[in-house]
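See below for upload32.cif, which holds mmCIF, C-alpha atoms.
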```
data_start
loop_
_atom_site.label_atom_id
_atom_site.label_comp_id
_atom_site.auth_asym_id
_atom_site.auth_seq_id
_atom_site.Cartn_x
_atom_site.Cartn_y
_atom_site.Cartn_z
CA MET A 79 -8.73 0.45 -20.80
CA LYS A 80 -6.06 -2.17 -21.27
CA LYS A 81 -6.79 -5.10 -19.02
CA SER A 82 -3.93 -6.01 -16.74
CA SER A 83 -3.14 -9.71 -16.56
CA LEU A 84 -3.90 -11.05 -13.09
CA ILE A 85 -1.57 -13.36 -11.27
CA SER A 86 -2.82 -15.59 -8.49
CA ILE A 87 -1.80 -14.98 -4.91
CA ALA A 88 -0.07 -18.33 -4.80
CA ALA A 89 2.08 -17.50 -7.82
CA LEU A 90 2.96 -14.08 -6.48
CA ALA A 91 3.82 -15.45 -3.08
CA GLY A 92 6.16 -17.92 -4.72
CA ALA A 93 7.83 -15.11 -6.60
CA SER A 94 8.25 -13.16 -3.37
CA ALA A 95 9.85 -16.13 -1.70
CA LEU A 96 12.45 -16.47 -4.45
CA VAL A 97 14.15 -13.23 -3.45
CA LEU A 98 14.43 -14.34 0.17
CA THR A 99 16.99 -17.09 -0.19
CA GLY A 100 19.26 -17.31 2.82
CA CYS A 101 22.96 -17.48 2.07
CA SER A 102 24.81 -17.73 5.39
CA SER A 103 25.72 -20.22 8.05
CA PRO A 104 23.15 -21.96 10.29
CA SER A 105 21.41 -20.05 13.05
CA ASP A 106 23.40 -18.78 15.98
CA GLY A 107 20.33 -17.42 17.73
CA GLY A 108 20.12 -14.14 15.83
CA ASP A 109 20.84 -11.98 18.84
CA GLY A 110 24.60 -11.64 18.77
CA GLY A 111 25.15 -15.12 20.17
CA ASP A 112 23.74 -14.97 23.72
CA GLY A 113 21.27 -17.74 22.92
CA GLY A 114 18.65 -16.12 25.17
CA THR A 115 14.93 -15.81 24.69
CA ALA A 116 15.36 -12.40 23.02
CA SER A 117 16.55 -14.22 19.92
CA THR A 118 13.15 -15.90 19.55
CA ARG A 119 11.10 -12.69 19.79
CA ALA A 120 9.81 -10.91 16.71
CA CYS A 121 8.77 -7.41 17.77
CA VAL A 122 6.15 -5.78 15.53
CA ILE A 123 4.61 -2.31 15.75
CA LEU A 124 1.54 -1.53 13.64
CA PRO A 125 0.56 2.12 13.04
CA ASP A 126 -3.15 2.58 13.80
CA THR A 127 -6.66 1.27 13.31
CA GLU A 128 -8.09 4.26 11.46
CA SER A 129 -6.21 4.37 8.15
CA SER A 130 -7.14 0.78 7.30
CA ASP A 131 -8.71 -2.26 8.93
CA ARG A 132 -5.98 -4.41 7.37
CA TRP A 133 -3.53 -3.87 10.25
CA GLU A 134 -5.59 -5.60 12.91
CA ASN A 135 -7.80 -7.85 10.79
CA GLY A 136 -5.22 -8.90 8.22
CA ASP A 137 -1.57 -8.22 9.00
CA ARG A 138 -1.65 -9.02 12.73
CA PRO A 139 -3.04 -12.57 12.41
CA ALA A 140 -0.97 -13.31 9.29
CA LEU A 141 2.30 -12.23 10.91
CA GLU A 142 1.52 -13.90 14.23
CA LYS A 143 0.77 -17.21 12.54
CA ALA A 144 3.93 -17.07 10.42
CA PHE A 145 6.19 -16.42 13.43
CA THR A 146 4.57 -18.95 15.77
CA ASP A 147 4.50 -21.63 13.05
CA ALA A 148 8.26 -21.07 12.66
CA GLY A 149 8.78 -21.48 16.41
CA PHE A 150 9.26 -17.82 17.36
CA GLU A 151 7.41 -15.59 19.80
CA ALA A 152 5.51 -12.69 18.20
CA ASP A 153 5.06 -9.47 20.21
CA ILE A 154 2.67 -7.46 18.01
CA GLN A 155 1.33 -4.12 19.24
CA ASN A 156 -0.50 -1.18 17.67
CA ALA A 157 0.48 2.48 18.12
CA GLN A 158 -3.19 3.52 17.76
CA GLY A 159 -2.31 6.56 15.66
CA SER A 160 0.04 8.04 18.28
CA THR A 161 3.72 8.81 17.78
CA ASP A 162 4.17 8.86 21.57
CA LYS A 163 2.57 5.45 21.93
CA MET A 164 4.80 4.06 19.18
CA ALA A 165 7.85 5.24 21.13
CA THR A 166 6.52 3.74 24.38
CA ILE A 167 5.77 0.39 22.72
CA ALA A 168 9.27 0.27 21.26
CA ASP A 169 10.86 0.95 24.66
CA GLN A 170 8.78 -1.79 26.27
CA GLN A 171 9.61 -4.30 23.56
CA LEU A 172 13.31 -3.50 23.60
CA SER A 173 13.42 -3.81 27.39
CA LYS A 174 12.21 -7.41 27.01
CA GLY A 175 14.51 -8.08 24.07
CA CYS A 176 13.90 -8.53 20.36
CA GLY A 177 15.62 -10.63 17.75
CA VAL A 178 14.16 -8.46 14.97
CA MET A 179 11.88 -5.41 14.80
CA LEU A 180 9.27 -4.97 12.10
CA VAL A 181 7.77 -1.46 12.09
CA VAL A 182 5.08 0.29 10.08
CA ASP A 183 5.99 3.97 10.28
CA TYR A 184 3.53 6.51 11.62
CA GLN A 185 4.25 10.19 10.90
CA GLY A 186 8.01 9.66 11.10
CA ALA A 187 8.00 8.01 14.55
CA GLY A 188 9.55 4.88 13.07
CA THR A 189 12.89 6.66 12.63
CA ALA A 190 13.52 7.01 16.37
CA VAL A 191 12.38 3.41 16.94
CA THR A 192 14.83 2.27 14.28
CA GLU A 193 17.69 4.19 15.84
CA LYS A 194 17.05 2.67 19.29
CA ALA A 195 16.80 -0.86 17.94
CA LYS A 196 19.92 -0.61 15.82
CA ALA A 197 21.84 0.85 18.77
CA GLU A 198 21.17 -2.53 20.44
CA GLY A 199 22.23 -4.46 17.36
CA ILE A 200 18.68 -5.46 16.42
CA PRO A 201 17.88 -5.54 12.67
CA VAL A 202 14.90 -3.42 11.62
CA ILE A 203 12.46 -4.13 8.80
CA ALA A 204 10.44 -1.14 7.58
CA TYR A 205 7.08 -2.66 6.69
CA ASP A 206 4.82 -1.12 4.03
CA ARG A 207 6.28 2.39 4.55
CA PRO A 208 9.97 3.32 4.23
CA ILE A 209 11.89 4.36 7.36
CA SER A 210 15.22 6.16 7.24
CA GLY A 211 17.98 3.95 8.61
CA ALA A 212 16.07 0.65 8.43
CA ASP A 213 18.02 -2.44 7.43
CA TYR A 214 15.34 -3.68 5.03
CA TYR A 215 12.17 -2.37 3.42
CA VAL A 216 9.26 -4.66 2.50
CA SER A 217 6.33 -3.25 0.58
CA PHE A 218 4.54 -3.49 -2.69
CA ASP A 219 6.42 -2.12 -5.67
CA ASN A 220 5.24 1.42 -5.10
CA PHE A 221 6.70 2.83 -8.31
CA LYS A 222 4.84 0.07 -10.17
CA VAL A 223 1.65 1.03 -8.32
CA GLY A 224 2.05 4.53 -9.72
CA GLU A 225 2.78 3.21 -13.19
CA LEU A 226 -0.44 1.18 -13.15
CA GLU A 227 -2.39 4.21 -11.97
CA GLY A 228 -0.85 6.40 -14.66
CA GLN A 229 -1.59 3.82 -17.34
CA SER A 230 -5.22 3.61 -16.23
CA VAL A 231 -5.50 7.39 -16.73
CA VAL A 232 -3.91 7.21 -20.18
CA ASP A 233 -6.08 4.26 -21.21
CA GLY A 234 -9.20 5.96 -19.86
CA LEU A 235 -8.51 9.09 -21.87
CA GLU A 236 -7.90 7.12 -25.04
CA ALA A 237 -11.09 5.10 -24.49
CA ALA A 238 -12.97 8.40 -24.18
CA GLY A 239 -11.47 9.63 -27.45
CA LYS A 240 -9.30 12.26 -25.74
CA ASP A 241 -5.75 13.10 -26.78
CA PRO A 242 -3.66 12.72 -23.59
CA ALA A 243 -1.27 15.43 -24.75
CA SER A 244 -4.02 18.06 -24.77
CA ALA A 245 -6.19 16.68 -21.97
CA VAL A 246 -6.91 18.63 -18.78
CA VAL A 247 -5.64 16.31 -16.03
CA VAL A 248 -5.61 17.08 -12.30
CA TYR A 249 -3.08 15.33 -10.04
CA MET A 250 -4.35 14.35 -6.56
CA GLY A 251 -1.38 12.83 -4.74
CA GLY A 252 -0.87 11.42 -1.27
CA ASP A 253 0.42 12.96 1.94
CA PRO A 254 4.07 13.93 1.36
CA SER A 255 4.95 12.82 4.92
CA ASP A 256 4.30 9.24 3.74
CA GLY A 257 7.45 8.05 1.98
CA ASN A 258 5.41 5.92 -0.40
CA ALA A 259 3.53 8.93 -1.78
CA ALA A 260 6.51 10.15 -3.79
CA MET A 261 6.97 6.71 -5.35
CA PHE A 262 3.29 6.54 -6.34
CA HIS A 263 3.60 10.01 -7.86
CA ASP A 264 6.84 9.35 -9.73
CA GLY A 265 5.59 6.07 -11.16
CA ALA A 266 2.36 7.65 -12.37
CA VAL A 267 4.13 10.68 -13.83
CA SER A 268 6.61 8.48 -15.71
CA VAL A 269 3.72 6.95 -17.67
CA MET A 270 1.56 10.05 -18.03
CA GLU A 271 4.41 12.32 -19.14
CA ALA A 272 5.43 9.76 -21.75
CA ALA A 273 1.90 10.10 -23.16
CA GLY A 274 2.24 13.90 -23.19
CA ILE A 275 0.18 14.64 -20.08
CA LYS A 276 1.01 17.66 -17.96
CA PRO A 277 -0.83 18.53 -14.73
CA ALA A 278 -3.41 21.27 -15.16
CA ALA A 279 -3.58 21.52 -11.35
CA GLU A 280 -1.84 19.71 -8.51
CA PRO A 281 -3.08 20.49 -4.99
CA THR A 282 -1.00 19.53 -1.96
CA GLY A 283 -1.26 15.80 -1.38
CA VAL A 284 -3.39 14.30 1.40
CA TRP A 285 -4.72 10.93 2.53
CA ASP A 286 -8.21 12.13 3.37
CA THR A 287 -11.48 11.83 1.46
CA GLU A 288 -13.03 15.10 2.66
CA LYS A 289 -9.85 17.14 2.18
CA SER A 290 -9.39 15.57 -1.23
CA ALA A 291 -12.92 16.63 -2.17
CA THR A 292 -12.28 20.19 -1.01
CA ASN A 293 -8.93 20.42 -2.79
CA PHE A 294 -10.31 19.00 -6.01
CA GLU A 295 -13.35 21.29 -5.97
CA GLN A 296 -11.04 24.28 -5.66
CA ALA A 297 -8.90 22.99 -8.51
CA LEU A 298 -11.95 22.34 -10.69
CA THR A 299 -13.21 25.87 -10.03
CA SER A 300 -9.83 27.31 -11.00
CA LEU A 301 -10.07 25.38 -14.27
CA GLY A 302 -13.49 26.78 -15.07
CA GLY A 303 -15.17 23.44 -14.43
CA LYS A 304 -13.14 21.72 -17.16
CA VAL A 305 -11.41 18.40 -16.46
CA ASP A 306 -10.73 15.36 -18.64
CA ALA A 307 -9.15 12.99 -16.11
CA VAL A 308 -7.83 12.78 -12.55
CA TRP A 309 -4.80 10.93 -11.31
CA SER A 310 -5.75 9.97 -7.75
CA ALA A 311 -3.17 8.23 -5.58
CA ASN A 312 -5.67 6.01 -3.74
CA ASP A 313 -9.33 5.03 -3.51
CA ALA A 314 -10.07 7.32 -0.56
CA ASN A 315 -8.83 10.37 -2.45
CA ALA A 316 -10.69 9.14 -5.53
CA ALA A 317 -13.93 8.96 -3.52
CA GLY A 318 -13.55 12.64 -2.63
CA VAL A 319 -12.86 13.54 -6.24
CA ILE A 320 -15.82 11.49 -7.49
CA SER A 321 -18.17 13.19 -5.03
CA ILE A 322 -17.33 16.53 -6.68
CA LEU A 323 -17.53 15.10 -10.19
CA ASP A 324 -21.00 13.72 -9.34
CA LYS A 325 -22.02 17.10 -7.94
CA ASN A 326 -21.09 18.70 -11.27
CA GLY A 327 -22.55 15.97 -13.48
CA LEU A 328 -19.14 14.85 -14.73
CA THR A 329 -17.70 11.38 -15.37
CA VAL A 330 -14.02 11.20 -16.31
CA PRO A 331 -11.22 8.64 -15.89
CA VAL A 332 -10.06 8.49 -12.26
CA SER A 333 -7.32 6.24 -10.87
CA GLY A 334 -6.91 4.74 -7.39
CA GLN A 335 -5.41 1.96 -5.28
CA ASP A 336 -6.24 -0.34 -2.35
CA ALA A 337 -9.22 -2.20 -3.86
CA SER A 338 -11.37 -0.82 -1.04
CA VAL A 339 -15.09 -1.57 -1.01
CA ALA A 340 -15.87 2.00 -2.07
CA GLY A 341 -13.16 1.86 -4.72
CA LEU A 342 -14.44 -1.41 -6.16
CA GLN A 343 -17.98 -0.01 -6.18
CA ASN A 344 -16.81 3.07 -8.08
CA VAL A 345 -14.94 0.86 -10.55
CA LEU A 346 -18.07 -1.21 -11.19
CA LEU A 347 -20.16 1.96 -11.59
CA GLY A 348 -17.71 3.35 -14.14
CA LYS A 349 -16.85 6.33 -11.94
CA GLN A 350 -13.29 5.07 -11.32
CA THR A 351 -11.34 3.55 -14.18
CA ALA A 352 -9.48 1.00 -12.08
CA THR A 353 -7.93 0.37 -8.67
CA VAL A 354 -4.52 -1.08 -7.91
CA TYR A 355 -4.98 -4.20 -5.80
CA LYS A 356 -2.36 -5.07 -3.17
CA PRO A 357 -3.20 -8.33 -1.35
CA PHE A 358 -1.81 -7.78 2.16
CA GLN A 359 -1.17 -11.53 2.48
CA LEU A 360 1.71 -11.30 0.02
CA GLU A 361 3.33 -8.42 1.87
CA ALA A 362 2.95 -10.16 5.24
CA GLU A 363 4.43 -13.35 3.84
CA ALA A 364 7.42 -11.56 2.33
CA ALA A 365 8.09 -9.65 5.57
CA SER A 366 7.71 -12.66 7.86
CA ASP A 367 9.93 -14.80 5.59
CA LEU A 368 12.61 -12.11 5.79
CA ALA A 369 12.28 -11.71 9.57
CA ILE A 370 12.42 -15.45 10.15
CA GLN A 371 15.65 -15.68 8.18
CA LEU A 372 17.12 -12.93 10.35
CA LEU A 373 15.91 -14.68 13.52
CA ASN A 374 17.63 -17.83 12.27
CA GLY A 375 20.90 -15.94 11.87
CA GLU A 376 20.82 -16.05 8.08
CA THR A 377 21.73 -13.26 5.67
CA PRO A 378 18.86 -12.74 3.21
CA SER A 379 19.54 -12.04 -0.44
CA VAL A 380 17.47 -9.13 -1.76
CA ASP A 381 17.52 -8.04 -5.39
CA LYS A 382 16.30 -4.43 -5.17
CA THR A 383 17.35 -1.31 -3.27
CA LEU A 384 15.81 2.07 -2.53
CA ASP A 385 17.62 5.19 -3.71
CA ASP A 386 19.40 5.37 -0.34
CA GLY A 387 20.68 1.81 -0.74
CA THR A 388 18.23 0.10 1.65
CA PRO A 389 17.55 -3.50 0.52
CA TYR A 390 13.99 -3.52 -0.80
CA ILE A 391 11.64 -6.46 -1.28
CA ALA A 392 8.99 -5.27 -3.72
CA VAL A 393 5.81 -7.33 -4.02
CA THR A 394 3.93 -7.10 -7.32
CA PRO A 395 0.60 -5.18 -7.38
CA VAL A 396 -2.29 -5.89 -9.78
CA LEU A 397 -4.57 -3.52 -11.70
CA VAL A 398 -8.28 -4.30 -11.24
CA GLY A 399 -10.93 -3.07 -13.65
CA PRO A 400 -14.64 -3.98 -13.50
CA GLU A 401 -14.03 -7.37 -15.12
CA ASP A 402 -11.53 -8.26 -12.39
CA VAL A 403 -13.44 -7.39 -9.19
CA GLN A 404 -14.35 -11.04 -8.61
CA THR A 405 -10.64 -11.82 -8.16
CA VAL A 406 -10.50 -9.65 -5.02
CA ILE A 407 -13.52 -11.48 -3.61
CA ASP A 408 -12.08 -14.89 -4.51
CA ASP A 409 -8.91 -13.96 -2.60
CA GLY A 410 -11.00 -13.22 0.49
CA ASN A 411 -10.16 -9.52 0.57
CA ALA A 412 -13.70 -8.27 -0.09
CA SER A 413 -17.20 -9.70 -0.08
CA ALA A 414 -19.99 -9.45 -2.63
CA SER A 415 -22.45 -8.63 0.17
CA GLU A 416 -20.46 -5.49 0.99
CA ILE A 417 -19.89 -4.43 -2.61
CA CYS A 418 -23.15 -5.31 -4.34
CA THR A 419 -25.51 -2.89 -2.64
CA GLY A 420 -27.90 -0.28 -4.02
CA ASP A 421 -27.08 0.84 -7.56
CA VAL A 422 -24.03 -1.42 -7.62
CA ALA A 423 -26.11 -4.60 -7.52
CA ALA A 424 -27.00 -4.39 -11.21
CA LYS A 425 -23.36 -3.85 -12.13
CA CYS A 426 -22.34 -6.86 -10.04
CA GLU A 427 -24.75 -8.95 -12.05
CA GLU A 428 -23.40 -7.48 -15.30
CA TYR A 429 -19.79 -8.32 -14.42
CA GLY A 430 -20.47 -11.65 -12.72
CA VAL A 431 -19.58 -10.51 -9.20
CA SER A 432 -20.97 -12.87 -6.58
#
```

Please render this file's structure as structure tokens.
Amino acid sequence: MKKSSLISIAALAGASALVLTGCSSPSDGGDGGDGGTASTRACVILPDTESSDRWENGDRPALEKAFTDAGFEADIQNAQGSTDKMATIADQQLSKGCGVMLVVDYQGAGTAVTEKAKAEGIPVIAYDRPISGADYYVSFDNFKVGELEGQSVVDGLEAAGKDPASAVVVYMGGDPSDGNAAMFHDGAVSVMEAAGIKPAAEPTGVWDTEKSATNFEQALTSLGGKVDAVWSANDANAAGVISILDKNGLTVPVSGQDASVAGLQNVLLGKQTATVYKPFQLEAEAASDLAIQLLNGETPSVDKTLDDGTPYIAVTPVLVGPEDVQTVIDDGNASASEICTGDVAAKCEEYGVS
């Protein structure tokens, strides 16, 4: 596998900040000029606590600190995996007034929230997941995430002495209701197709370990038990795939993202070729920098757009192989005590993970 060059969080954060240069007159309050307390409120809605612990343990404190340090009130609430609750939170926040709304979409509920906020002249930032009609989108470069995943599959095949053009590769994508899933897919396919790879099977995408295992097992059966590699859109899906590979005594290149504990363990064990690492701190910093500029009445300058024209701040992801796991720990986004358990302990020693 080609080793991706790692860039420090500080360097990446600096790069993110460069695209957020304000270019308008001094602040007028950011709320249409009424100068009221609404202009100092940053309203944030997080999606749930089940899909990741990052929302409450990472993003919430990072965003709250950024807003309060800049002198603004932060109203941060969590929809707890409920579209109805997301709508209720939005109504409550809007009734108190918001200078900006930052929303992580949950099953499309962010669209209605965006429409209500914009009807009141409040700018909306779609955070991590795209939302139709949002004024800005802040996330990692999701196409690049896919490219890194696709390259890890190609490199894994070549390292195993397999010709990518004739390899049997199964595609295990993400839930199509998540707008990022298509970008992960398209980025991965752009690299894999260039190497001659075509999907031997491609079940309907999910974000679920158990469903991924079931879908992959069915695909593997349809292929007569033959597979050379698996493009998996994230570590959770990869874990499901790997459970079936283990069951059948197979080890093949498998991609992933999120640098989860299970994903990092599978990378160290050689069951997953690599994982795409996305330090949430960088995303939170980029989003809060953007929101603060809007609260200050500035007009941010953004150098990318989505296909629909939405200004897009894309933070750079990093590919992590076994030699790079220590970087995630050094950044504070994993701990050796969590990772280096059972059979993984020997691999941690081998790769200097501590």

Residue nearest Val396 in chain A among A:Asp206, A:Asp137, A:Glu142, A:Glu227 (counting all atoms listed in the file):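 Distance minimum relative to Val396 in chain A lands on A:Glu227.
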
Answer key for the PyMOL selection byres ((chain A and resi 163) around 12), residues as a PyMOL selection string: chain A and resi 123-126+155-162+164-170+184+187-188+191

What is the distance, in Å and to one decimal place, between CA of Ala148 in chain A and CA of Ser117 in chain A? 13.0 Å

Gap from CA of Ile275 in chain A to CA of Thr299 in chain A - Å, one decimal: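 Distance between the two atoms: 20.2 Å.
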
Starting from the displayed file, determine the output of the PyMOL selection byres ((chain A and resi 260-272) around 8) and express the residue list as a count of residues only. 25

The PyMOL selection byres ((chain A and resi 301) around 12) applied to the shown file, residues as a list in words: Val246, Val247, Val248, Pro277, Ala278, Ala279, Glu280, Phe294, Glu295, Gln296, Ala297, Leu298, Thr299, Ser300, Gly302, Gly303, Lys304, Val305 and Asp306 of chain A
